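Here is input_6.csv, consisting of CSV, C-alpha atoms:
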chain,number,residue,atom,x,y,z
A,1384,MET,CA,-8.2,-9.2,-12.2
A,1385,LYS,CA,-5.9,-11.8,-10.8
A,1386,PRO,CA,-3.6,-10.5,-8.1
A,1387,ARG,CA,0.1,-10.1,-9.2
A,1388,GLN,CA,2.3,-13.1,-8.5
A,1389,PHE,CA,4.3,-13.2,-5.3
A,1390,SER,CA,8.0,-12.9,-5.7
A,1391,SER,CA,10.0,-16.2,-5.2
A,1392,ARG,CA,12.6,-14.3,-3.2
A,1393,SER,CA,12.7,-15.6,0.4
A,1394,GLN,CA,14.9,-14.4,3.2
A,1395,THR,CA,14.8,-15.7,6.8
A,1396,LEU,CA,15.0,-12.8,9.3
A,1397,ILE,CA,17.6,-13.9,11.9
A,1398,ASP,CA,18.9,-11.8,14.7
A,1399,PRO,CA,22.6,-12.7,14.9
A,1400,SER,CA,22.6,-12.0,18.7
A,1401,LEU,CA,20.2,-14.9,19.2
A,1402,ARG,CA,22.3,-17.6,17.4
A,1403,LEU,CA,23.4,-20.5,19.5
A,1404,PRO,CA,27.0,-21.3,20.2
A,1405,LYS,CA,28.4,-23.7,17.6
A,1406,ARG,CA,28.3,-26.8,19.8
A,1407,ARG,CA,24.6,-26.3,20.3
A,1408,ARG,CA,23.6,-26.2,16.6
A,1409,THR,CA,22.7,-29.8,16.1
A,1410,THR,CA,19.1,-29.0,15.2
A,1411,THR,CA,19.5,-25.7,13.3
A,1412,THR,CA,20.5,-24.9,9.7
A,1413,SER,CA,22.1,-21.9,8.1
A,1414,SER,CA,19.9,-22.1,5.0
A,1415,ALA,CA,17.9,-18.9,4.3
A,1416,SER,CA,15.3,-20.6,2.1
A,1417,SER,CA,11.6,-20.0,2.6
A,1418,ASN,CA,11.4,-23.5,4.2
A,1419,THR,CA,13.4,-22.4,7.1
A,1420,PRO,CA,11.5,-20.6,9.9
A,1421,PRO,CA,12.9,-17.7,11.7
A,1422,PRO,CA,14.4,-18.6,15.1
A,1423,VAL,CA,12.3,-18.8,18.2
A,1424,THR,CA,13.8,-17.8,21.5
A,1425,SER,CA,13.0,-18.8,25.1
A,1426,PRO,CA,10.9,-16.6,27.4
A,1427,PRO,CA,12.4,-13.9,29.6
A,1428,PRO,CA,11.7,-13.9,33.4
A,1429,LYS,CA,8.1,-13.9,34.4
A,1430,THR,CA,8.3,-10.3,35.9
A,1431,LEU,CA,6.7,-8.7,32.9
A,1432,LYS,CA,5.4,-5.1,33.1
A,1433,THR,CA,3.7,-3.4,30.2
A,1434,SER,CA,6.2,-2.8,27.4
A,1435,THR,CA,9.3,-2.9,29.7
A,1436,THR,CA,11.7,-5.7,28.6
A,1437,THR,CA,14.5,-7.4,30.5
A,1438,THR,CA,17.8,-8.2,28.8
A,1439,THR,CA,18.6,-11.9,29.3
A,1440,ARG,CA,20.5,-14.6,27.6
A,1441,ARG,CA,18.2,-16.7,25.5
A,1442,ARG,CA,18.4,-20.2,24.2
A,1443,SER,CA,16.7,-21.8,21.2
A,1444,LEU,CA,13.3,-23.4,21.9
A,1445,SER,CA,12.4,-26.7,20.4
A,1446,PHE,CA,10.0,-26.6,17.5
A,1447,THR,CA,8.7,-28.8,14.8
A,1448,ASP,CA,10.8,-28.1,11.7
A,1449,GLN,CA,8.2,-29.4,9.2
A,1450,TRP,CA,5.7,-27.2,7.4
A,1451,ILE,CA,2.3,-29.0,7.6
A,1452,PRO,CA,-0.3,-28.3,4.8
A,1453,LEU,CA,-3.7,-27.1,5.9
A,1454,GLY,CA,-5.3,-29.1,3.2
A,1455,ILE,CA,-7.4,-26.4,1.6
A,1456,PRO,CA,-7.1,-24.9,-1.9
A,1457,PRO,CA,-5.6,-21.4,-2.3
A,1458,SER,CA,-9.0,-20.1,-3.5
A,1459,GLU,CA,-10.3,-20.8,0.1
A,1460,LEU,CA,-7.7,-18.8,1.9
A,1461,SER,CA,-5.4,-15.9,1.1
A,1462,LEU,CA,-3.2,-14.9,4.0
A,1463,PRO,CA,-2.6,-11.3,2.9
A,1464,LEU,CA,-6.3,-10.7,2.3
A,1465,THR,CA,-7.3,-12.1,5.6
A,1466,LEU,CA,-4.7,-11.4,8.4
A,1467,PRO,CA,-3.6,-7.8,7.8
A,1468,THR,CA,-6.9,-6.2,6.8
A,1469,GLY,CA,-8.3,-4.9,10.0
A,1470,GLN,CA,-10.0,-8.0,11.5
A,1471,THR,CA,-7.1,-8.6,13.9
A,1472,PHE,CA,-4.0,-6.8,15.0
A,1473,ARG,CA,-1.9,-9.6,16.4
A,1474,TRP,CA,-0.2,-11.1,13.3
A,1475,ARG,CA,3.2,-10.0,12.0
A,1476,CYS,CA,5.0,-10.6,8.7
A,1477,THR,CA,8.1,-12.4,9.9
A,1478,SER,CA,9.6,-13.5,6.6
A,1479,PRO,CA,8.8,-12.9,2.9
A,1480,ASP,CA,5.9,-15.3,2.7
A,1481,HIS,CA,5.2,-16.0,6.4
A,1482,PHE,CA,2.8,-14.5,9.0
A,1483,THR,CA,3.4,-15.4,12.6
A,1484,GLY,CA,0.8,-15.0,15.4
A,1485,VAL,CA,-0.8,-16.7,18.4
A,1486,ILE,CA,-4.0,-18.7,18.5
A,1487,GLY,CA,-4.8,-19.7,22.1
A,1488,PRO,CA,-1.7,-21.3,23.5
A,1489,HIS,CA,-0.2,-21.9,20.0
A,1490,LEU,CA,2.6,-19.8,18.5
A,1491,LEU,CA,2.3,-20.4,14.8
A,1492,SER,CA,3.6,-19.3,11.5
A,1493,LEU,CA,1.5,-19.5,8.3
A,1494,ARG,CA,3.1,-19.6,4.9
A,1495,GLN,CA,1.7,-19.0,1.4
A,1496,PRO,CA,4.5,-18.6,-1.2
A,1497,SER,CA,2.2,-17.3,-4.0
A,1498,PRO,CA,-1.5,-16.7,-4.6
A,1499,ASP,CA,-1.7,-20.0,-6.3
A,1500,SER,CA,-0.1,-21.9,-3.4
A,1501,PRO,CA,-1.9,-23.6,-0.6
A,1502,VAL,CA,-1.3,-22.5,3.0
A,1503,SER,CA,0.9,-24.5,5.4
A,1504,TYR,CA,1.7,-23.9,9.0
A,1505,LEU,CA,4.6,-24.4,11.4
A,1506,HIS,CA,4.1,-24.9,15.2
A,1507,HIS,CA,6.9,-23.2,17.1
A,1508,SER,CA,6.8,-25.5,20.1
A,1509,SER,CA,6.2,-29.1,20.7
A,1510,ALA,CA,3.7,-28.2,23.5
A,1511,GLU,CA,0.1,-28.9,22.5
A,1512,ALA,CA,1.1,-29.3,18.8
A,1513,SER,CA,-1.4,-32.1,18.4
A,1514,SER,CA,-4.3,-29.6,18.8
A,1515,ALA,CA,-2.9,-26.8,16.6
A,1516,ALA,CA,-4.6,-27.9,13.4
A,1517,ALA,CA,-8.0,-27.9,15.0
A,1518,ALA,CA,-7.3,-24.5,16.5
A,1519,ILE,CA,-6.3,-23.0,13.2
A,1520,ALA,CA,-9.3,-24.5,11.4
A,1521,ASP,CA,-11.6,-22.9,14.0
A,1522,TYR,CA,-9.8,-19.6,13.9
A,1523,LEU,CA,-10.0,-19.4,10.1
A,1524,ASN,CA,-13.7,-20.5,9.9
A,1525,LEU,CA,-12.6,-23.3,7.6
A,1526,SER,CA,-15.9,-25.2,8.1
A,1527,ILE,CA,-17.5,-22.5,5.8
A,1528,SER,CA,-17.0,-23.0,2.1
A,1529,LEU,CA,-15.8,-19.7,0.8
A,1530,GLY,CA,-16.4,-20.8,-2.8
A,1531,GLU,CA,-20.0,-21.5,-2.1
A,1532,VAL,CA,-20.5,-18.2,-0.2
A,1533,TRP,CA,-18.9,-16.1,-3.0
A,1534,ARG,CA,-20.8,-17.8,-5.7
A,1535,GLY,CA,-24.0,-16.9,-3.9
A,1536,PHE,CA,-22.9,-13.3,-3.6
A,1537,ALA,CA,-22.0,-13.1,-7.3
A,1538,GLU,CA,-25.5,-14.5,-8.3
A,1539,ARG,CA,-27.1,-11.8,-6.1
A,1540,ASP,CA,-24.9,-8.9,-7.3
A,1541,ALA,CA,-22.7,-8.6,-10.4
A,1542,ARG,CA,-20.8,-5.8,-8.7
A,1543,PHE,CA,-19.6,-8.2,-6.1
A,1544,ALA,CA,-18.0,-10.4,-8.8
A,1545,GLU,CA,-16.3,-7.3,-10.2
A,1546,ALA,CA,-15.0,-6.3,-6.7
A,1547,ALA,CA,-13.8,-9.8,-6.0
A,1548,GLY,CA,-11.9,-9.9,-9.3
A,1549,ARG,CA,-10.0,-6.8,-8.2
A,1550,VAL,CA,-9.2,-8.0,-4.7
A,1551,GLY,CA,-8.5,-11.7,-5.5
A,1552,GLU,CA,-9.8,-14.9,-4.0
A,1553,GLY,CA,-9.4,-16.2,-0.5
A,1554,GLU,CA,-10.5,-13.4,1.9
A,1555,ARG,CA,-12.0,-15.0,4.9
A,1556,VAL,CA,-13.7,-13.7,8.0
A,1557,LEU,CA,-12.0,-14.9,11.2
A,1558,ARG,CA,-13.5,-16.6,14.2
A,1559,GLN,CA,-11.4,-15.1,17.0
A,1560,ASP,CA,-11.6,-15.6,20.7
A,1561,PRO,CA,-14.3,-13.2,21.8
A,1562,TRP,CA,-12.4,-11.8,24.8
A,1563,GLU,CA,-9.3,-11.2,22.7
A,1564,CYS,CA,-11.3,-9.6,19.9
A,1565,ALA,CA,-13.2,-7.3,22.2
A,1566,MET,CA,-10.0,-5.9,23.7
A,1567,GLN,CA,-8.5,-5.4,20.3
A,1568,PHE,CA,-11.5,-3.4,19.1
A,1569,LEU,CA,-11.6,-1.3,22.3
A,1570,CYS,CA,-8.1,-0.1,21.1
A,1571,SER,CA,-9.3,0.6,17.6
A,1572,SER,CA,-11.7,3.5,18.2
A,1573,ASN,CA,-10.5,6.7,16.3
A,1574,ASN,CA,-7.1,5.1,15.8
A,1575,ASN,CA,-4.7,4.0,13.1
A,1576,ILE,CA,-3.2,0.6,12.3
A,1577,GLY,CA,0.2,1.1,13.7
A,1578,ARG,CA,-1.0,2.5,17.0
A,1579,ILE,CA,-3.7,-0.2,17.4
A,1580,GLU,CA,-1.0,-2.9,16.9
A,1581,ARG,CA,1.2,-1.2,19.6
A,1582,MET,CA,-1.7,-1.0,22.1
A,1583,VAL,CA,-2.7,-4.6,21.4
A,1584,GLY,CA,0.9,-5.7,21.7
A,1585,THR,CA,1.1,-4.0,25.1
A,1586,LEU,CA,-2.1,-5.8,26.3
A,1587,SER,CA,-0.7,-9.1,25.0
A,1588,SER,CA,2.5,-8.6,26.9
A,1589,PHE,CA,0.7,-9.1,30.2
A,1590,GLY,CA,0.2,-12.7,29.1
A,1591,GLU,CA,2.5,-15.7,29.0
A,1592,TYR,CA,5.6,-15.2,26.8
A,1593,LEU,CA,5.7,-17.8,24.0
A,1594,GLY,CA,8.8,-16.8,22.0
A,1595,THR,CA,10.3,-14.3,19.6
A,1596,VAL,CA,10.1,-14.9,15.8
A,1597,GLY,CA,11.6,-12.5,13.2
A,1598,GLY,CA,12.4,-9.9,15.9
A,1599,HIS,CA,8.8,-9.9,17.2
A,1600,GLY,CA,7.9,-11.1,20.7
A,1601,PHE,CA,4.7,-13.2,21.0
A,1602,TYR,CA,2.5,-13.8,24.0
A,1603,ARG,CA,-0.6,-15.7,24.8
A,1604,PHE,CA,-3.4,-13.2,25.4
A,1605,PRO,CA,-3.9,-12.5,29.1
A,1606,SER,CA,-7.0,-13.5,31.0
A,1607,VAL,CA,-9.6,-11.1,32.4
A,1608,GLU,CA,-8.1,-11.7,35.8
A,1609,ARG,CA,-4.6,-10.8,34.7
A,1610,LEU,CA,-5.7,-7.6,33.0
A,1611,ALA,CA,-7.7,-6.7,36.0
A,1612,GLU,CA,-4.4,-6.2,37.8
A,1613,VAL,CA,-3.4,-3.4,35.3
A,1614,SER,CA,-4.3,0.1,36.3
A,1615,GLU,CA,-5.7,2.9,34.1
A,1616,GLU,CA,-2.5,4.9,35.0
A,1617,GLU,CA,-0.3,2.1,33.6
A,1618,LEU,CA,-2.2,2.1,30.4
A,1619,ARG,CA,-2.2,5.8,30.0
A,1620,ARG,CA,1.6,5.8,30.5
A,1621,ALA,CA,1.8,3.2,27.7
A,1622,GLY,CA,0.0,5.6,25.3
A,1623,PHE,CA,-3.6,4.4,25.4
A,1624,GLY,CA,-5.1,7.8,26.2
A,1625,TYR,CA,-8.8,7.9,26.9
A,1626,ARG,CA,-9.1,4.3,25.9
A,1627,ALA,CA,-7.4,3.3,29.1
A,1628,LYS,CA,-10.5,4.2,31.1
A,1629,TYR,CA,-12.7,2.1,28.8
A,1630,ILE,CA,-10.4,-1.0,28.9
A,1631,VAL,CA,-10.2,-0.9,32.7
A,1632,GLY,CA,-14.0,-0.3,33.0
A,1633,ALA,CA,-14.8,-3.2,30.5
A,1634,VAL,CA,-12.5,-5.6,32.4
A,1635,LYS,CA,-14.1,-4.7,35.7
A,1636,LEU,CA,-17.6,-5.3,34.3
A,1637,LEU,CA,-16.6,-8.6,32.7
A,1638,GLN,CA,-15.1,-9.7,36.0
A,1639,SER,CA,-18.6,-9.4,37.6
A,1640,LYS,CA,-20.3,-11.6,35.0
A,1641,PRO,CA,-21.5,-15.0,36.3
A,1642,GLY,CA,-19.0,-17.6,35.3
A,1643,GLY,CA,-16.5,-15.0,34.3
A,1644,GLY,CA,-16.2,-12.5,31.5
A,1645,GLU,CA,-14.6,-14.8,28.9
A,1646,LYS,CA,-17.4,-17.3,29.4
A,1647,TRP,CA,-20.1,-14.6,29.1
A,1648,LEU,CA,-18.6,-13.2,25.9
A,1649,THR,CA,-18.4,-16.7,24.3
A,1650,SER,CA,-22.0,-17.4,25.3
A,1651,LEU,CA,-23.1,-14.5,23.1
A,1652,ARG,CA,-22.6,-16.8,20.1
A,1653,GLY,CA,-25.9,-18.4,20.9
A,1654,LEU,CA,-27.9,-15.2,20.7
A,1655,GLU,CA,-29.5,-13.3,17.9
A,1656,LEU,CA,-27.6,-10.4,16.5
A,1657,PRO,CA,-29.7,-7.6,18.0
A,1658,GLU,CA,-29.3,-9.2,21.5
A,1659,VAL,CA,-25.5,-9.5,20.9
A,1660,ILE,CA,-25.2,-5.9,19.9
A,1661,ASP,CA,-27.2,-4.8,23.0
A,1662,ALA,CA,-25.1,-6.9,25.3
A,1663,LEU,CA,-21.8,-5.7,23.9
A,1664,CYS,CA,-22.9,-2.1,24.1
A,1665,THR,CA,-23.1,-2.5,27.9
A,1666,LEU,CA,-19.3,-2.6,28.0
A,1667,PRO,CA,-17.6,0.8,28.5
A,1668,GLY,CA,-16.3,2.2,25.2
A,1669,VAL,CA,-18.3,-0.1,23.0
A,1670,GLY,CA,-20.8,1.4,20.6
A,1671,PRO,CA,-22.8,-0.1,17.7
A,1672,LYS,CA,-19.9,-0.1,15.2
A,1673,VAL,CA,-17.3,-1.7,17.6
A,1674,ALA,CA,-20.0,-4.1,18.7
A,1675,ALA,CA,-20.6,-5.1,15.1
A,1676,CYS,CA,-16.9,-5.7,14.5
A,1677,ILE,CA,-16.7,-8.0,17.6
A,1678,ALA,CA,-19.9,-9.8,16.6
A,1679,LEU,CA,-18.7,-10.4,13.0
A,1680,PHE,CA,-15.1,-11.4,13.8
A,1681,SER,CA,-15.6,-13.6,16.8
A,1682,LEU,CA,-19.3,-14.3,17.7
A,1683,ASP,CA,-20.6,-16.2,14.6
A,1684,GLN,CA,-22.8,-13.3,13.6
A,1685,HIS,CA,-21.9,-13.6,9.9
A,1686,HIS,CA,-24.5,-10.9,8.9
A,1687,ALA,CA,-23.2,-8.2,11.2
A,1688,ILE,CA,-22.2,-5.1,9.3
A,1689,PRO,CA,-19.8,-2.6,10.9
A,1690,VAL,CA,-20.8,0.6,9.3
A,1691,ASP,CA,-18.1,3.2,8.9
A,1692,THR,CA,-17.5,5.9,6.3
A,1693,HIS,CA,-16.2,3.5,3.7
A,1694,VAL,CA,-19.1,1.1,4.1
A,1695,TRP,CA,-21.5,4.1,4.0
A,1696,GLN,CA,-19.9,5.2,0.7
A,1697,ILE,CA,-20.3,1.7,-0.7
A,1698,ALA,CA,-24.0,1.6,0.4
A,1699,THR,CA,-24.9,5.0,-1.0
A,1700,ARG,CA,-23.1,4.2,-4.3
A,1701,TYR,CA,-24.6,0.7,-4.9
A,1702,LEU,CA,-27.4,-0.1,-2.5
A,1703,MET,CA,-29.0,3.1,-1.4
A,1704,PRO,CA,-28.2,5.8,-4.0
A,1705,GLU,CA,-31.0,7.9,-2.9
A,1706,LEU,CA,-29.1,8.6,0.3
A,1707,ALA,CA,-26.0,10.0,-1.4
A,1708,GLY,CA,-24.9,13.2,0.2
A,1709,ALA,CA,-26.8,12.5,3.4
A,1710,ARG,CA,-25.0,12.5,6.8
A,1711,LEU,CA,-24.5,9.1,8.4
A,1712,THR,CA,-26.6,8.7,11.6
A,1713,LEU,CA,-27.3,5.8,13.9
A,1714,LYS,CA,-30.6,5.3,12.2
A,1715,LEU,CA,-29.1,5.3,8.8
A,1716,SER,CA,-26.4,2.9,10.0
A,1717,LYS,CA,-29.1,0.4,10.9
A,1718,ASP,CA,-30.7,1.0,7.4
A,1719,VAL,CA,-27.4,0.3,5.7
A,1720,ALA,CA,-26.9,-3.0,7.7
A,1721,GLU,CA,-30.4,-4.1,6.7
A,1722,ALA,CA,-29.7,-3.2,3.0
A,1723,PHE,CA,-26.6,-5.4,3.1
A,1724,VAL,CA,-28.4,-8.3,4.6
A,1725,LYS,CA,-31.3,-8.0,2.1
A,1726,LYS,CA,-28.8,-8.0,-0.7
A,1727,TYR,CA,-26.3,-10.7,0.4
A,1728,GLY,CA,-28.2,-12.8,2.9
A,1729,LYS,CA,-26.9,-14.6,6.0
A,1730,TYR,CA,-23.2,-14.0,5.1
A,1731,ALA,CA,-23.6,-10.3,4.4
A,1732,GLY,CA,-20.8,-9.5,6.7
A,1733,TRP,CA,-18.4,-11.5,4.6
A,1734,ALA,CA,-19.5,-9.7,1.4
A,1735,GLN,CA,-19.1,-6.3,3.2
A,1736,THR,CA,-15.6,-7.2,4.2
A,1737,VAL,CA,-14.6,-8.0,0.6
A,1738,LEU,CA,-16.2,-4.8,-0.7
A,1739,PHE,CA,-14.4,-2.9,2.1
A,1740,ILE,CA,-11.0,-4.1,1.0
A,1741,GLY,CA,-11.8,-3.5,-2.7
A,1742,GLU,CA,-12.6,0.1,-2.0
A,1743,LEU,CA,-9.3,0.8,-0.3
A,1744,PRO,CA,-7.0,2.7,-2.7
A,1745,SER,CA,-4.0,0.8,-1.2
A,1746,HIS,CA,-5.5,-2.7,-1.0
A,1747,LYS,CA,-2.5,-3.9,-3.0
A,1748,ALA,CA,-0.4,-3.1,0.1
A,1749,THR,CA,-1.8,-6.3,1.6
A,1750,ASP,CA,0.3,-8.3,-1.0
A,1751,ILE,CA,3.2,-9.9,0.9
A,1752,SER,CA,5.4,-10.4,-2.1
A,1753,ASN,CA,9.0,-9.3,-1.2
A,1754,CYS,CA,7.7,-8.8,2.3
A,1755,SER,CA,10.1,-7.5,4.8
A,1756,ILE,CA,9.7,-5.7,8.1
A,1757,GLU,CA,10.4,-2.3,6.7
A,1758,GLU,CA,8.1,-2.9,3.7
A,1759,THR,CA,5.3,-4.0,6.0
A,1760,LYS,CA,5.7,-0.8,8.1
A,1761,SER,CA,5.6,1.3,4.9
A,1762,ALA,CA,2.4,-0.5,3.8
A,1763,LYS,CA,0.8,0.2,7.1
A,1764,ARG,CA,1.7,3.9,6.9
A,1765,LYS,CA,0.0,4.1,3.6
A,1766,ARG,CA,-3.2,2.4,4.9
A,1767,VAL,CA,-3.5,4.5,8.1
A,1768,LYS,CA,-5.9,7.1,6.8
A,1769,VAL,CA,-8.2,4.7,4.9
A,1770,ILE,CA,-8.6,2.2,7.7
A,1771,ARG,CA,-8.7,4.7,10.5
A,1772,SER,CA,-12.5,4.5,11.0
A,1773,ARG,CA,-12.8,0.7,10.7
A,1774,GLY,CA,-13.1,0.2,14.5

Using structure tokens, write down the structure that the file contains.
Amino acid sequence: MKPRQFSSRSQTLIDPSLRLPKRRRTTTTSSASSNTPPPVTSPPPKTLKTSTTTTTRRRSLSFTDQWIPLGIPPSELSLPLTLPTGQTFRWRCTSPDHFTGVIGPHLLSLRQPSPDSPVSYLHHSSAEASSAAAAIADYLNLSISLGEVWRGFAERDARFAEAAGRVGEGERVLRQDPWECAMQFLCSSNNNIGRIERMVGTLSSFGEYLGTVGGHGFYRFPSVERLAEVSEEELRRAGFGYRAKYIVGAVKLLQSKPGGGEKWLTSLRGLELPEVIDALCTLPGVGPKVAACIALFSLDQHHAIPVDTHVWQIATRYLMPELAGARLTLKLSKDVAEAFVKKYGKYAGWAQTVLFIGELPSHKATDISNCSIEETKSAKRKRVKVIRSRG
């Protein structure tokens, strides 16, 4: 079934308090069309502490005002089926058909007016704009043909074609920065979407401030060295609970790695999946499920299978019906992962992600038609219970 069409309504979210004095409006427009990006504001002072903010006068940052096509068909990328579905927690819906987020040093908005529309992007600063397209392509795994991968799945399993028809085309697996991805999924254990996003937002706020779009502040993700300066007590005060101990412990261990923790994590891309899982599980707070998420969404381990209760239900319904009613154990988790790989091959993790979304009773909530800040929050509340065990 083809996803419902996106609404053509578009409304730019502009905070009146951030408008420039009249004499400074030589490069702005009052139009509220979908072609006009939300305003970007300049950074506050560098004295940033957790979620504490400083009130300061802000001026408009320069940005490229032209949306640039990514150059891929809509069947190869659906933003609402890729960005807000539990792979990452750093993107925000900042306008009816826009998602805004950070890739490395780049503050970017991605736009897709309808399911039949190709994606275009807007770089919110002239700094390093020339490398933005390559960064986006790498982040979205665009070197992999989604059409070819999905055709292979459908040939192997008619049920996949049925599930893909319900979900719609264009759901991709991301290739995130491994350090950033690891910290996000340390926040995800036994958690819900809204709280994970708040925790990840707090961690991000220790990095370089890049700007505010649609009322959301965006930051470059901090380095291992920067997060090493943050204490467990600070994180507990910020609402991390027991996860504060794991984050501080993981950062400390990564600091001790030869060449640095970020380099060590990236080097795992060259290992086989069992070695990657074993290596990640040496980090405090990382078990096999979280390790599989990090491996799949950042380390090129396209056949990694994060087994949670929903994936277990899919497996016992379609792949291993003889185990229906059994209790999920570590041994059975490995059996489930092997069954997915046997069925779907080297991109089994991509198939599992589509099936995962298709099983969510509220997967339609990922549609960003008529998207507004309040509607996005409502959709997240509906999805809290069903996505709770993903990480």

For this session: List the neighbours of region 1500-1504 of chain A out to 12 Å using all atoms listed in the file; skip same-chain residues closer than 4 positions along the sequence, and give me the result as a PyMOL selection string.
Result: chain A and resi 1388-1389+1391+1417-1420+1447-1463+1480-1484+1489-1496+1512+1515-1516+1518-1520+1523+1552-1553

For this session: Name the residues in contact with region 1469-1473 of chain A at a cut-off of 9 Å, using all atoms listed in the file, excluding same-chain residues fewer than 2 positions from it; report them as an MDAnalysis selection string.
Result: chainID A and resid 1465:1467 1475 1483:1485 1556:1557 1559 1564 1567:1568 1576 1579:1581 1583:1584 1587 1601 1676 1680 1770 1773:1774

Write out the residues from the selection above, keeping C-alpha atoms, as a compact mmCIF listing (two decimals), keeping the file's coordinate frame.
# COMPACT_ATOMS: atom_id res chain seq x y z
CA THR A 1465 -7.30 -12.10 5.60
CA LEU A 1466 -4.70 -11.40 8.40
CA PRO A 1467 -3.60 -7.80 7.80
CA ARG A 1475 3.20 -10.00 12.00
CA THR A 1483 3.40 -15.40 12.60
CA GLY A 1484 0.80 -15.00 15.40
CA VAL A 1485 -0.80 -16.70 18.40
CA VAL A 1556 -13.70 -13.70 8.00
CA LEU A 1557 -12.00 -14.90 11.20
CA GLN A 1559 -11.40 -15.10 17.00
CA CYS A 1564 -11.30 -9.60 19.90
CA GLN A 1567 -8.50 -5.40 20.30
CA PHE A 1568 -11.50 -3.40 19.10
CA ILE A 1576 -3.20 0.60 12.30
CA ILE A 1579 -3.70 -0.20 17.40
CA GLU A 1580 -1.00 -2.90 16.90
CA ARG A 1581 1.20 -1.20 19.60
CA VAL A 1583 -2.70 -4.60 21.40
CA GLY A 1584 0.90 -5.70 21.70
CA SER A 1587 -0.70 -9.10 25.00
CA PHE A 1601 4.70 -13.20 21.00
CA CYS A 1676 -16.90 -5.70 14.50
CA PHE A 1680 -15.10 -11.40 13.80
CA ILE A 1770 -8.60 2.20 7.70
CA ARG A 1773 -12.80 0.70 10.70
CA GLY A 1774 -13.10 0.20 14.50

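The interatomic distance for the pair CA of Leu1464 (chain A) and CA of Glu1554 (chain A) works out to 5.0 Å.
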
Problem set entry | Nearest candidate to Phe1739 (chain A) (options A:Ile1697, A:Leu1706, A:Leu1656, A:Ala1541; using only C-alpha atoms) | A:Ile1697

Exercise. So which one's closest to Arg1700 (chain A), A:Gly1668, A:Leu1738, A:Lys1729, A:Arg1539? Using all atoms listed in the file, please.
Worked result: A:Leu1738

For this session: Identify, on the basis of all atoms listed in the file, every residue whose closest approach to Val1659 (chain A) does not exceed 12 Å; exclude the query and any residue fewer than 4 positions from it along the same chain; express the result as a ChimeraX atom specification.
Result: /A:1561,1647-1655,1663-1666,1670-1671,1673-1679,1681-1684,1687

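The neighbours of Arg1578 (chain A) here are the residues that come within 10 Å of it, using all atoms listed in the file and leaving out any residue fewer than 6 positions away in the same chain; they are Phe1472, Cys1570, Ser1571, Gly1584, Gly1622, Phe1623 and Val1767 of chain A.
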
Problem set entry | Spatial neighbours of Lys1717 (chain A), max dist 12 Å, all atoms listed in the file, sep filter under 2 positions, as a list in words | Pro1657, Ile1660, Pro1671, Lys1672, Ala1675, Ala1687, Ile1688, Pro1689, Val1690, Asp1691, Trp1695, Ala1698, Leu1711, Thr1712, Leu1713, Lys1714, Leu1715, Val1719, Ala1720, Glu1721, Ala1722, Phe1723 and Val1724 of chain A

Exercise. Mind pulling up the distance from CA of Trp1533 (chain A) to CA of Ala1547 (chain A)?
Worked result: 8.6 Å

Seminar exercise, completed: From CA of Ser1606 (chain A) to CA of Glu1563 (chain A) the spacing works out at 8.9 Å

Problem set entry | Using all atoms listed in the file: which of A:Asp1718, A:Gln1735, A:Ala1565, A:Val1669 has the shortest distance to His1693 (chain A) |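 Of all the options, A:Gln1735 lies closest to His1693 (chain A).
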
Problem set entry | Shortest interatomic distance to Gly1597 (chain A) - which of A:Thr1477, A:Ala1734, A:Lys1726, A:Tyr1522, counting only C-alpha atoms |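 Ranking A:Thr1477, A:Ala1734, A:Lys1726, A:Tyr1522 by distance to Gly1597 (chain A), first place goes to A:Thr1477.
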